[in-house]
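Engineer: The following block contains the structure, expressed as structure tokens.
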Amino acid sequence: MRKILTMRGSAWAVLLLVMLGNIAAWALTNRPAMPERLWSGTIAGVAFSPYQENQSPIDKRFPSREEIERDVAVVAPYVRSIRSYSTLNGFEAIPELGAKYRLDVTAGAWLSGNLGENEQEINALVRLARTHKNVTRVMVGNEVMFRGDLKVPQLIDYIERVKRQVDVPVSTAEPPYVWHDHPELADAVDYITIHLLPYWEKVPIEQAMQQVLQEYNRIKQRFPNKHILIGEAGWPSDGAYRGGAEASLVNQAKFIRSFLNLAGENRWDFYIMEAFDQPWKRAIGGNAEANWGIWDANRNMKFPMEGSVFEVPGWPVLCAIATALAFLPLFWFVLRRSDLRPGGQLFYGFLIQAVASGLVWTATEAMTAGMGPMSLTAFIILMLAQVILLAVMLIDGLELTEVVWTQRWRRKFNPVKELPPGYAPKISIHVPCYNEPPEMVIETMNALARMTYPNFEVLIIDNNTKDEEVWKPLEAHCAKLGPNFRFFHLAKWPGYKAGALNFALAVTAEDAEMVAVIDSDYQVTPDWLTSTIPYFQNPKVAFVQSPQDYRDWNDHPFHRMINWEYQGFFHIGMVQRNERNAIIQHGTMTIIRTKVLKDVGWWAEWCICEDAELGLRLFEEGYESVYMPDSFGQGLVPDSFGGYKTQRFRWAYGAVQIIKRHWKEFLPSGKKLTFGQKYHFVTGWLPWFADAAHMAFVVGGIIWSIGLLALPAYFEFPPTVFIMPTLMVFFFKVLVGIWLYEARVKCRFVDKVMAAIAGMALTHTVGRAVWQGLFTKGRPFVRTPKLENQPALVQGFLNAREEVVLMLGLWVTAFLVAWIEGGENRDAYIWSTMLVVQSLPYIAALAVATMNALPMPKGNEPAPAPAGAD
């Protein structure tokens with residue numbers, strides 16, 4: 001009882017530490033900023049564009065009179081005047097509605113290169129100025145010279161026409177440099193209107209007020225007899241970095257508070273840019289254009305004019321949501337996993353909480369940015385992809401936790417030193433082969449003949465090999481080895497490897513209690529059966545599995561790296577799966593009860609991974625397995641990158657076949673598998689689906705990049721909140737992989753790195769296999785070639801040709817985006833970086849293919865493949 005209470009106390013301590021750590025992390029990253037100056041007065045004026053979140057002049061969707069009045073009512077308590085930009089499409093109601101709330105109006109006419117619309121704007125502006133007493137001045141055009149829509153004489157003509165028809169001051173609005181370059185424009189207006197927006201000038205926030213004061217004084221000195229109106233002054237709350245200028249909510253608050261104080265001290269006439277965020281502007285200038293408002297698009301004030309400012313104002317609520325989201329899985333984990341040392345509970349507890357906080361932060365940041373239809377589509381896709389990535393992160397983290405911090409193992413099996421007295425059931429060993437080098441298979445048979453186990457038979461099943469020179473030597477050698485060795489040649493036999501194994505099962509000795517399967521290149525140790533068969537004394541055990549292992553891998557860097565890549569699965573993943581009786585049965589070094597094999601339906605000829613499919617059926621029938629990580633046989637690694645890819649394609653494609661056939665059993669409602677078995681089969685294959693998602697993201701990223709360059713009105717850079725976590729997950733996986741190898745696979749550090757590169761090189765192959773598996777019914781079984789001739793360098797590149805094409809596609813689009821959209825646009829560089837990072841698996845594929853093409857060290861050349869081998 002004391003032990004249980006101690007365990008519970010430790011679990012509660014871990015839970016409390018994780019929750020406090022989460023709160024501390026949110027608080028530290030959202031510390032309040034205190035802009036230097038406060039503002040408690042009334043704002044002289046704000047630029048007023050009452051477009052709602054789903055409206056845009058580009059699409060000819062304009063606010064209604066009711067919507068405009070609601071917006072006037074929002075700003076009226078805080079300002080004395082508003083500035084409008086157009087007199088058409090319903091905006092002519094602004095002066096009337098402004099008068100209702102006792103607001104002065106600087107009415108503006110929007111001028112462009114469309115001379116017909118210009119006439120309508122000018123005529124409406126004159127009517128407004130004559131009709132409404134609260135129109136205290138008018139603005140003929142806004143940044144017309146800056147955009148280059150009209151020539152200076154044309155603009156002056158419009159200004160003079162209006163001046164002749166109204167009794168209020170007339171001006172036009174331009175950046176300061178336009179007035180310096182065109183003093184004749186200053187002569188034509190009654191007052192000068194300038195826009196002071198240091199962000200666009202790449203001025204850091206710390207120097208913004210100095211730049212504002214400097215620009216204002218330069219205009220004042222140049223035109224001392226003209227009244228100066230600051231038509232726009234502001235700072236965006238979100239957007240790309242521009243030189244030293246950072247768009248953020250804190251910086252926006254700092255600028256506006258400081259400007260209001262500076263303007264008050266100098267008695268400036270001004271309008272803050274602007275009242276409300278304008279999501280529609282994102283299509284013409286990105287996030288920065290859309291986020292200048294004092295109020296957001298939902299008409300919520302973004303920051304107070306007094307007191308502290310938070311970059312994420314609602315962070316306590318978000319922190320609470322993240323804590324609640326993580327609480328149940330965290331609570332379940334720390335209370336159930338008493339087999340882990342406290343360090344492991346803390347590590348994985350913090351990982352659960354970090355994933356929950358990451359999801360909340362990502363979703364909130366993306367949704368508050370505002371999105372158009374294309375961006376909304378991208379948001380949904382990226383959110384789903386991020387959920388998959390974070391799920392893979394949790395799976396990898398749990399595997400690491402169990403490997404490093406498990407206190408006790410429940411299902412650890414060691415080799416048996418000797419057979420129990422009187423227990424030596426007959427074993428039928430099946431060796432399927434197709435078109436294999438005869439000398440290699442003969443070595444396999446010789447190794448079997450040297451076994452110390454007293455009661456076995458060996459069936460060599462050669463199926464569909466056409467060349468007699470390949471299979472005849474095997475038949476002859478079987479005859480030499482005696483009656484325990486039988487040879488069968490099957491011409492035109494269906495079912496590939498599974499078909500050959502089913503034939504062997506049909507001709508197996510009637511008294512054989514177990515069937516063992518090895519591949520044709522495996523040389524078993526003499527004690528293989530002696531060390532494993534005694535575990536069948538437990539009637540619940542249906543099969544005993546030991547790992548695939550390899551020989552002759554140290555003769556070439558390519559062989560060495562893929563050997564260590566294989567070892568990770570057999571010494572890390574399989575050991576963890578064994579703890580929950582959920583190993584993957586693989587078709588070599590496996591031993592199965594003959595009766596059980598027949599009872600569950602023999603080998604599945606519809607599946608190219610008949611071994612893994614059989615293992616799953618055995619678990620569904622309630623049987624147990626035994627896995628011992630000791631090596632009892634060694635085969636040959638593939639000689640080429642093409643062979644390596646073919647093998648992994650088969651495994652991934654076969655996994656999808658199995659999922660399509662057995663998916664109901666993986667659901668919570670499935671009754672045949674335990675929770676642990678469901679977990680390992682689902683999570684074991686989920687990373688392969690992540691590779692498929694990576695492939696889709698790469699293709700989508702290239703298409704999206706083209707859209708950014710060719711159709712900027714419809715495509716925009718995805719929020720950074722999606723990109724940074726994705727990069728973090730990628731590097732987390734690399735770190736976890738190396739850590740796991742350090743714990744379980746005893747090899748040099750360079751071998752760990754090379755194994756990671758080899759595994760990464762298969763990303764495209766696995767992704768393609770998953771997509772094809774989802775949309776096709778079946779592909780033929782393709783054997784993994786052995787003893788191939790060393791490929792030429794060109795062949796090595798050809799083995800990675802698809803990866804090279806995608807790699808170049810990512811690099812070219814990354815370069816073009818950085819070159820064309822870069823400049824001071826941080827988002828462009830982040831997106832380009834993301835594209836380059838996404839190319840790492842393809843770089844790995846090219847590197848492995850090139851390494852495969854390196855010359856074989858002298859004295860280690862493989863024997864030439866026989867004629868007809870493929």
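Following the order of the structure tokens, chains are lettered A, B, ..., residues in each are numbered from 1, and ligands are numbered from 1.
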For Arg450 in chain A, please output as a PyMOL selection string all residues within 12 Å (counting only C-alpha atoms; exclusion window: fewer than 2 positions along the same chain).
Structural biologist: chain A and resi 443-448+452-454+456+481+523-529
Engineer: How about saving the chosen residues, all heavy atoms kept, as a short mmCIF file (atom, residue, chain, number, x, y, z; two decimals), in the first residue's frame?
Structural biologist:
```cif
data_model
loop_
_atom_site.label_atom_id
_atom_site.label_comp_id
_atom_site.auth_asym_id
_atom_site.auth_seq_id
_atom_site.Cartn_x
_atom_site.Cartn_y
_atom_site.Cartn_z
N GLU A 443 24.89 -22.19 -49.99
CA GLU A 443 25.45 -21.83 -48.68
C GLU A 443 24.36 -21.80 -47.62
O GLU A 443 24.59 -22.19 -46.46
CB GLU A 443 26.13 -20.45 -48.78
CG GLU A 443 27.41 -20.46 -49.60
CD GLU A 443 28.05 -19.08 -49.65
OE1 GLU A 443 27.45 -18.12 -49.11
OE2 GLU A 443 29.13 -18.97 -50.24
N THR A 444 23.15 -21.35 -48.00
CA THR A 444 22.03 -21.36 -47.06
C THR A 444 21.70 -22.79 -46.63
O THR A 444 21.50 -23.07 -45.44
CB THR A 444 20.81 -20.71 -47.72
OG1 THR A 444 21.09 -19.34 -47.99
CG2 THR A 444 19.57 -20.80 -46.82
N MET A 445 21.66 -23.71 -47.61
CA MET A 445 21.36 -25.11 -47.28
C MET A 445 22.44 -25.74 -46.41
O MET A 445 22.15 -26.49 -45.48
CB MET A 445 21.18 -25.91 -48.58
CG MET A 445 19.89 -25.55 -49.34
SD MET A 445 19.57 -26.69 -50.71
CE MET A 445 20.74 -26.09 -51.91
N ASN A 446 23.68 -25.43 -46.70
CA ASN A 446 24.78 -25.98 -45.89
C ASN A 446 24.68 -25.53 -44.44
O ASN A 446 24.95 -26.30 -43.51
CB ASN A 446 26.12 -25.57 -46.49
CG ASN A 446 26.41 -26.28 -47.81
OD1 ASN A 446 25.83 -27.34 -48.09
ND2 ASN A 446 27.29 -25.70 -48.61
N ALA A 447 24.31 -24.28 -44.23
CA ALA A 447 24.16 -23.77 -42.87
C ALA A 447 23.03 -24.50 -42.15
O ALA A 447 23.14 -24.83 -40.96
CB ALA A 447 23.91 -22.27 -42.89
N LEU A 448 21.94 -24.76 -42.86
CA LEU A 448 20.84 -25.49 -42.26
C LEU A 448 21.26 -26.91 -41.87
O LEU A 448 20.85 -27.45 -40.84
CB LEU A 448 19.65 -25.55 -43.23
CG LEU A 448 18.91 -24.23 -43.46
CD1 LEU A 448 17.94 -24.36 -44.63
CD2 LEU A 448 18.16 -23.81 -42.21
N THR A 452 22.19 -27.99 -34.88
CA THR A 452 22.28 -29.02 -33.83
C THR A 452 20.92 -29.61 -33.45
O THR A 452 20.87 -30.58 -32.71
CB THR A 452 22.93 -28.41 -32.57
OG1 THR A 452 22.13 -27.30 -32.11
CG2 THR A 452 24.34 -27.93 -32.86
N TYR A 453 19.86 -29.01 -33.93
CA TYR A 453 18.53 -29.50 -33.59
C TYR A 453 18.33 -30.89 -34.21
O TYR A 453 18.65 -31.11 -35.39
CB TYR A 453 17.46 -28.53 -34.11
CG TYR A 453 16.09 -28.80 -33.57
CD1 TYR A 453 15.73 -28.40 -32.29
CD2 TYR A 453 15.14 -29.46 -34.35
CE1 TYR A 453 14.46 -28.65 -31.78
CE2 TYR A 453 13.87 -29.72 -33.85
CZ TYR A 453 13.52 -29.31 -32.57
OH TYR A 453 12.27 -29.57 -32.07
N PRO A 454 17.75 -31.83 -33.46
CA PRO A 454 17.74 -33.22 -33.93
C PRO A 454 16.59 -33.60 -34.87
O PRO A 454 16.63 -34.68 -35.47
CB PRO A 454 17.61 -34.01 -32.62
CG PRO A 454 16.85 -33.10 -31.72
CD PRO A 454 17.29 -31.71 -32.07
N PHE A 456 14.28 -32.17 -37.92
CA PHE A 456 13.78 -31.17 -38.86
C PHE A 456 13.89 -31.69 -40.29
O PHE A 456 14.63 -32.63 -40.59
CB PHE A 456 14.57 -29.86 -38.72
CG PHE A 456 16.00 -29.93 -39.16
CD1 PHE A 456 16.37 -29.63 -40.47
CD2 PHE A 456 17.01 -30.30 -38.26
CE1 PHE A 456 17.70 -29.69 -40.87
CE2 PHE A 456 18.33 -30.37 -38.66
CZ PHE A 456 18.69 -30.06 -39.96
N LEU A 481 22.56 -33.68 -49.67
CA LEU A 481 22.41 -33.43 -48.23
C LEU A 481 21.55 -34.48 -47.53
O LEU A 481 21.45 -34.46 -46.30
CB LEU A 481 21.83 -32.03 -48.00
CG LEU A 481 22.77 -30.87 -48.36
CD1 LEU A 481 22.05 -29.53 -48.23
CD2 LEU A 481 24.02 -30.88 -47.50
N GLN A 523 22.02 -17.51 -43.78
CA GLN A 523 22.87 -18.55 -43.20
C GLN A 523 22.61 -18.56 -41.69
O GLN A 523 23.05 -17.66 -40.98
CB GLN A 523 24.34 -18.31 -43.50
CG GLN A 523 24.65 -18.35 -45.00
CD GLN A 523 26.11 -18.06 -45.30
OE1 GLN A 523 26.96 -18.10 -44.41
NE2 GLN A 523 26.42 -17.80 -46.56
N VAL A 524 21.89 -19.61 -41.23
CA VAL A 524 21.48 -19.64 -39.83
C VAL A 524 22.61 -20.20 -38.97
O VAL A 524 23.50 -20.90 -39.45
CB VAL A 524 20.21 -20.49 -39.66
CG1 VAL A 524 19.06 -19.91 -40.47
CG2 VAL A 524 20.47 -21.94 -40.04
N THR A 525 22.55 -19.88 -37.69
CA THR A 525 23.51 -20.43 -36.74
C THR A 525 23.07 -21.83 -36.32
O THR A 525 21.87 -22.16 -36.35
CB THR A 525 23.62 -19.53 -35.50
OG1 THR A 525 22.33 -19.46 -34.87
CG2 THR A 525 24.06 -18.12 -35.89
N PRO A 526 23.99 -22.69 -35.89
CA PRO A 526 23.62 -24.07 -35.52
C PRO A 526 22.59 -24.15 -34.41
O PRO A 526 21.82 -25.12 -34.34
CB PRO A 526 24.96 -24.68 -35.11
CG PRO A 526 26.00 -23.90 -35.85
CD PRO A 526 25.47 -22.49 -35.89
N ASP A 527 22.55 -23.14 -33.52
CA ASP A 527 21.65 -23.23 -32.36
C ASP A 527 20.31 -22.54 -32.58
O ASP A 527 19.55 -22.33 -31.63
CB ASP A 527 22.34 -22.63 -31.13
CG ASP A 527 22.65 -21.16 -31.30
OD1 ASP A 527 22.69 -20.68 -32.47
OD2 ASP A 527 22.86 -20.47 -30.28
N TRP A 528 19.98 -22.19 -33.81
CA TRP A 528 18.75 -21.42 -34.06
C TRP A 528 17.52 -22.11 -33.48
O TRP A 528 16.81 -21.56 -32.63
CB TRP A 528 18.58 -21.20 -35.57
CG TRP A 528 17.26 -20.59 -35.96
CD1 TRP A 528 16.56 -19.64 -35.29
CD2 TRP A 528 16.47 -20.93 -37.11
NE1 TRP A 528 15.39 -19.34 -35.94
CE2 TRP A 528 15.31 -20.11 -37.07
CE3 TRP A 528 16.64 -21.82 -38.18
CZ2 TRP A 528 14.33 -20.17 -38.06
CZ3 TRP A 528 15.67 -21.86 -39.16
CH2 TRP A 528 14.52 -21.06 -39.10
N LEU A 529 17.26 -23.31 -33.90
CA LEU A 529 16.05 -24.00 -33.45
C LEU A 529 16.15 -24.41 -31.98
O LEU A 529 15.17 -24.33 -31.23
CB LEU A 529 15.78 -25.23 -34.33
CG LEU A 529 15.49 -24.93 -35.81
CD1 LEU A 529 15.23 -26.23 -36.56
CD2 LEU A 529 14.31 -23.99 -35.95
#
```
Engineer: Excluding Ala324 in chain A and residues on its chain fewer than 4 positions from it, collect all residues at most 12 Å away from it, counting only C-alpha atoms, and give them as an MDAnalysis selection string.
Structural biologist: chainID A and resid 19 22:23 317:320 328:331 352:353 356:357 360
Engineer: Extract, using only C-alpha atoms, all DNA, RNA and protein residues at most 9 Å from range 583-593 of chain A, discarding same-chain residues fewer than 5 positions from it, and format them as JSON, numbers by chain.
Structural biologist: {"A": [427, 429, 512, 513, 514, 515, 516, 517, 518, 519, 522, 524, 528, 529, 532, 533, 536, 541, 542, 543, 544, 545, 546, 547, 548, 573, 574, 575, 576, 577, 578, 598, 609, 610, 611, 612, 613, 614, 615, 616, 625, 626, 627, 632, 633, 677, 680, 681]}
Engineer: Hey, what's within 12 Å of Gly349 in chain A if we count only C-alpha atoms and toss same-chain stuff fewer than 2 positions away? As a ChimeraX atom specification, please?
Structural biologist: /A:11-22,323,326-335,337,340,342-347,351-356,394,397-398,401
Engineer: Among range 86-128 of chain A, which ones does DSSP place in strand (DSSP E or B), written as a list in words?
Structural biologist: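 The strand (DSSP E or B) subset of range 86-128 of chain A is Asp104, Val105, Thr106, Ala107, Gly108 and Ala109 of chain A.
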Engineer: May I have the selected residues written with all heavy atoms, as a short mmCIF file (atom, residue, chain, number, x, y, z; two decimals), in the first residue's frame?
Structural biologist:
```
data_model
loop_
_atom_site.label_atom_id
_atom_site.label_comp_id
_atom_site.auth_asym_id
_atom_site.auth_seq_id
_atom_site.Cartn_x
_atom_site.Cartn_y
_atom_site.Cartn_z
N ASP A 104 -16.53 65.35 -37.38
CA ASP A 104 -16.12 66.03 -38.60
C ASP A 104 -15.61 65.00 -39.60
O ASP A 104 -15.15 63.92 -39.21
CB ASP A 104 -15.02 67.05 -38.30
CG ASP A 104 -15.53 68.24 -37.52
OD1 ASP A 104 -16.76 68.50 -37.57
OD2 ASP A 104 -14.72 68.89 -36.83
N VAL A 105 -15.68 65.35 -40.88
CA VAL A 105 -15.27 64.42 -41.92
C VAL A 105 -14.36 65.13 -42.91
O VAL A 105 -14.68 66.24 -43.38
CB VAL A 105 -16.49 63.83 -42.67
CG1 VAL A 105 -16.03 62.96 -43.84
CG2 VAL A 105 -17.36 63.02 -41.72
N THR A 106 -13.23 64.53 -43.21
CA THR A 106 -12.42 64.92 -44.36
C THR A 106 -12.80 63.95 -45.47
O THR A 106 -12.43 62.78 -45.42
CB THR A 106 -10.92 64.84 -44.06
OG1 THR A 106 -10.59 65.79 -43.05
CG2 THR A 106 -10.10 65.12 -45.31
N ALA A 107 -13.57 64.43 -46.42
CA ALA A 107 -14.11 63.56 -47.47
C ALA A 107 -13.09 63.41 -48.59
O ALA A 107 -12.49 64.40 -49.03
CB ALA A 107 -15.42 64.12 -48.00
N GLY A 108 -12.92 62.19 -49.06
CA GLY A 108 -11.95 61.92 -50.11
C GLY A 108 -12.60 61.36 -51.36
O GLY A 108 -13.57 60.60 -51.30
N ALA A 109 -12.05 61.72 -52.52
CA ALA A 109 -12.46 61.15 -53.81
C ALA A 109 -11.33 60.25 -54.30
O ALA A 109 -10.17 60.67 -54.34
CB ALA A 109 -12.73 62.26 -54.82
#
```
Engineer: Counting only C-alpha atoms, which residue out of A:Gly113, A:Pro32, A:Pro494, A:Gly759 sits closest to Lys151 in chain A?
Structural biologist: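 The shortest atom-to-atom distance to Lys151 in chain A comes from A:Gly113.
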Engineer: Contacts of Ile702 in chain A at 7 Å or less, counting only C-alpha atoms, minus same-chain residues fewer than 5 places along, as a tab-separated table (two decimals) with all heavy atoms, in the first residue's frame?
Structural biologist:
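The result, stored in around-v4.tsv:
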```
chain	number	residue	atom	x	y	z
A	809	GLY	N	12.81	20.88	-58.35
A	809	GLY	CA	11.59	21.68	-58.33
A	809	GLY	C	11.51	22.54	-57.08
A	809	GLY	O	11.14	23.72	-57.14
A	810	LEU	N	11.85	21.96	-55.92
A	810	LEU	CA	11.85	22.72	-54.67
A	810	LEU	C	12.91	23.80	-54.67
A	810	LEU	O	12.65	24.94	-54.24
A	810	LEU	CB	12.07	21.77	-53.49
A	810	LEU	CG	10.89	20.84	-53.15
A	810	LEU	CD1	11.34	19.75	-52.18
A	810	LEU	CD2	9.73	21.63	-52.55
A	813	THR	N	11.91	26.75	-57.17
A	813	THR	CA	10.83	27.60	-56.65
A	813	THR	C	11.29	28.37	-55.41
A	813	THR	O	10.91	29.53	-55.22
A	813	THR	CB	9.58	26.77	-56.32
A	813	THR	OG1	9.95	25.64	-55.51
A	813	THR	CG2	8.92	26.27	-57.59
```
Engineer: Which neighbours of Pro63 in chain A fall inside 9 Å, counting only C-alpha atoms, when residues of the same chain fewer than 2 positions from it are skipped, and could you give them as a PyMOL selection string?
Structural biologist: chain A and resi 50-52+55-56+61+65-68+89-91
Engineer: Keeping only all heavy atoms, write the selected residues as a compact mmCIF listing (two decimals), in the first residue's frame.
Structural biologist:
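For reference, again_10.txt as written:
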```txt
# COMPACT_ATOMS: atom_id res chain seq x y z
N PRO A 50 -14.75 51.34 -43.93
CA PRO A 50 -15.66 50.43 -43.21
C PRO A 50 -15.90 49.09 -43.90
O PRO A 50 -16.98 48.51 -43.76
CB PRO A 50 -16.96 51.24 -43.15
CG PRO A 50 -16.94 52.07 -44.39
CD PRO A 50 -15.49 52.41 -44.63
N TYR A 51 -14.92 48.59 -44.63
CA TYR A 51 -15.08 47.26 -45.23
C TYR A 51 -15.15 46.21 -44.13
O TYR A 51 -14.36 46.22 -43.19
CB TYR A 51 -13.90 46.95 -46.15
CG TYR A 51 -13.93 47.69 -47.47
CD1 TYR A 51 -13.14 48.83 -47.66
CD2 TYR A 51 -14.75 47.27 -48.51
CE1 TYR A 51 -13.16 49.52 -48.86
CE2 TYR A 51 -14.79 47.96 -49.71
CZ TYR A 51 -14.00 49.09 -49.88
OH TYR A 51 -14.03 49.77 -51.07
N GLN A 52 -16.09 45.29 -44.26
CA GLN A 52 -16.21 44.19 -43.32
C GLN A 52 -15.26 43.06 -43.73
O GLN A 52 -14.62 43.11 -44.79
CB GLN A 52 -17.65 43.69 -43.27
CG GLN A 52 -18.68 44.79 -43.03
CD GLN A 52 -18.48 45.56 -41.73
OE1 GLN A 52 -18.50 44.96 -40.66
NE2 GLN A 52 -18.28 46.87 -41.82
N GLN A 55 -15.60 41.56 -47.25
CA GLN A 55 -15.87 42.52 -48.34
C GLN A 55 -14.56 43.02 -48.93
O GLN A 55 -13.52 43.04 -48.28
CB GLN A 55 -16.70 43.70 -47.81
CG GLN A 55 -18.08 43.28 -47.33
CD GLN A 55 -18.81 44.39 -46.58
OE1 GLN A 55 -18.22 45.42 -46.24
NE2 GLN A 55 -20.09 44.17 -46.31
N SER A 56 -14.65 43.47 -50.21
CA SER A 56 -13.44 43.92 -50.89
C SER A 56 -13.82 44.72 -52.12
O SER A 56 -14.72 44.31 -52.88
CB SER A 56 -12.59 42.71 -51.31
OG SER A 56 -11.59 43.09 -52.22
N ARG A 61 -17.59 44.10 -53.54
CA ARG A 61 -18.46 43.84 -52.41
C ARG A 61 -18.24 44.96 -51.40
O ARG A 61 -17.16 45.06 -50.81
CB ARG A 61 -18.17 42.48 -51.79
CG ARG A 61 -18.54 41.31 -52.70
CD ARG A 61 -18.22 39.99 -52.02
NE ARG A 61 -16.85 39.98 -51.51
CZ ARG A 61 -16.14 38.86 -51.32
NH1 ARG A 61 -16.68 37.70 -51.58
NH2 ARG A 61 -14.92 38.94 -50.87
N ARG A 65 -25.21 50.53 -45.70
CA ARG A 65 -25.36 51.73 -44.87
C ARG A 65 -25.40 51.36 -43.40
O ARG A 65 -24.78 52.03 -42.57
CB ARG A 65 -26.64 52.47 -45.27
CG ARG A 65 -26.91 53.73 -44.47
CD ARG A 65 -28.25 54.34 -44.84
NE ARG A 65 -28.54 55.49 -44.01
CZ ARG A 65 -28.18 56.74 -44.28
NH1 ARG A 65 -27.51 57.00 -45.39
NH2 ARG A 65 -28.49 57.75 -43.47
N GLU A 66 -26.08 50.25 -43.07
CA GLU A 66 -26.16 49.81 -41.68
C GLU A 66 -24.78 49.44 -41.14
O GLU A 66 -24.44 49.75 -39.99
CB GLU A 66 -27.11 48.62 -41.55
CG GLU A 66 -28.58 48.95 -41.81
CD GLU A 66 -28.89 49.17 -43.28
OE1 GLU A 66 -28.06 48.74 -44.15
OE2 GLU A 66 -29.92 49.78 -43.60
N GLU A 67 -23.97 48.77 -41.95
CA GLU A 67 -22.62 48.38 -41.52
C GLU A 67 -21.74 49.60 -41.33
O GLU A 67 -20.94 49.67 -40.38
CB GLU A 67 -22.02 47.42 -42.54
CG GLU A 67 -22.67 46.05 -42.52
CD GLU A 67 -22.27 45.18 -43.70
OE1 GLU A 67 -21.91 45.73 -44.77
OE2 GLU A 67 -22.32 43.94 -43.57
N ILE A 68 -21.89 50.58 -42.22
CA ILE A 68 -21.10 51.81 -42.08
C ILE A 68 -21.47 52.53 -40.78
O ILE A 68 -20.60 53.01 -40.04
CB ILE A 68 -21.30 52.73 -43.30
CG1 ILE A 68 -20.74 52.07 -44.57
CG2 ILE A 68 -20.62 54.09 -43.07
CD1 ILE A 68 -21.04 52.83 -45.84
N ASN A 89 -20.29 53.95 -54.17
CA ASN A 89 -20.54 52.59 -53.66
C ASN A 89 -20.99 52.57 -52.21
O ASN A 89 -20.64 51.66 -51.46
CB ASN A 89 -19.28 51.73 -53.83
CG ASN A 89 -18.82 51.65 -55.28
OD1 ASN A 89 -19.59 51.28 -56.16
ND2 ASN A 89 -17.56 52.02 -55.51
N GLY A 90 -21.74 53.59 -51.83
CA GLY A 90 -22.28 53.65 -50.47
C GLY A 90 -21.48 54.50 -49.52
O GLY A 90 -21.99 54.89 -48.46
N PHE A 91 -20.23 54.86 -49.88
CA PHE A 91 -19.40 55.66 -48.98
C PHE A 91 -19.83 57.12 -48.93
O PHE A 91 -19.38 57.87 -48.06
CB PHE A 91 -17.93 55.56 -49.40
CG PHE A 91 -17.37 54.16 -49.30
CD1 PHE A 91 -16.91 53.50 -50.41
CD2 PHE A 91 -17.32 53.52 -48.08
CE1 PHE A 91 -16.41 52.22 -50.32
CE2 PHE A 91 -16.82 52.24 -47.97
CZ PHE A 91 -16.37 51.57 -49.10
```
Engineer: Identify, on the basis of only C-alpha atoms, every residue whose closest approach to Glu215 in chain A does not exceed 8 Å; exclude the query and any residue fewer than 4 positions from it along the same chain; express the result as a ChimeraX atom specification.
Structural biologist: /A:176,196,211,219
Engineer: With all heavy atoms retained, write the just-selected residues as a PDB file, in the first residue's frame.
Structural biologist:
```
ATOM      1  N   PRO A 176       5.871  62.143 -48.437  1.00  0.00           N
ATOM      2  CA  PRO A 176       6.624  63.412 -48.443  1.00  0.00           C
ATOM      3  C   PRO A 176       7.461  63.636 -49.699  1.00  0.00           C
ATOM      4  O   PRO A 176       7.564  64.778 -50.185  1.00  0.00           O
ATOM      5  CB  PRO A 176       7.501  63.290 -47.192  1.00  0.00           C
ATOM      6  CG  PRO A 176       6.730  62.401 -46.270  1.00  0.00           C
ATOM      7  CD  PRO A 176       6.059  61.410 -47.166  1.00  0.00           C
ATOM      8  N   LEU A 196       2.993  59.498 -43.113  1.00  0.00           N
ATOM      9  CA  LEU A 196       4.213  59.188 -42.370  1.00  0.00           C
ATOM     10  C   LEU A 196       4.096  57.761 -41.823  1.00  0.00           C
ATOM     11  O   LEU A 196       3.461  57.533 -40.783  1.00  0.00           O
ATOM     12  CB  LEU A 196       4.427  60.192 -41.241  1.00  0.00           C
ATOM     13  CG  LEU A 196       4.568  61.656 -41.691  1.00  0.00           C
ATOM     14  CD1 LEU A 196       4.734  62.572 -40.481  1.00  0.00           C
ATOM     15  CD2 LEU A 196       5.743  61.817 -42.645  1.00  0.00           C
ATOM     16  N   GLN A 211      12.094  59.658 -37.052  1.00  0.00           N
ATOM     17  CA  GLN A 211      11.883  59.748 -38.493  1.00  0.00           C
ATOM     18  C   GLN A 211      10.626  60.555 -38.814  1.00  0.00           C
ATOM     19  O   GLN A 211      10.606  61.361 -39.753  1.00  0.00           O
ATOM     20  CB  GLN A 211      11.787  58.338 -39.090  1.00  0.00           C
ATOM     21  CG  GLN A 211      11.960  58.292 -40.602  1.00  0.00           C
ATOM     22  CD  GLN A 211      10.633  58.167 -41.336  1.00  0.00           C
ATOM     23  OE1 GLN A 211       9.582  58.134 -40.716  1.00  0.00           O
ATOM     24  NE2 GLN A 211      10.709  58.098 -42.658  1.00  0.00           N
ATOM     25  N   ILE A 219       9.121  68.975 -44.506  1.00  0.00           N
ATOM     26  CA  ILE A 219       8.005  69.527 -45.280  1.00  0.00           C
ATOM     27  C   ILE A 219       7.662  70.939 -44.799  1.00  0.00           C
ATOM     28  O   ILE A 219       7.400  71.848 -45.599  1.00  0.00           O
ATOM     29  CB  ILE A 219       6.770  68.606 -45.170  1.00  0.00           C
ATOM     30  CG1 ILE A 219       6.998  67.309 -45.945  1.00  0.00           C
ATOM     31  CG2 ILE A 219       5.507  69.309 -45.672  1.00  0.00           C
ATOM     32  CD1 ILE A 219       7.018  67.468 -47.456  1.00  0.00           C
TER      33      ILE A 219
END
```
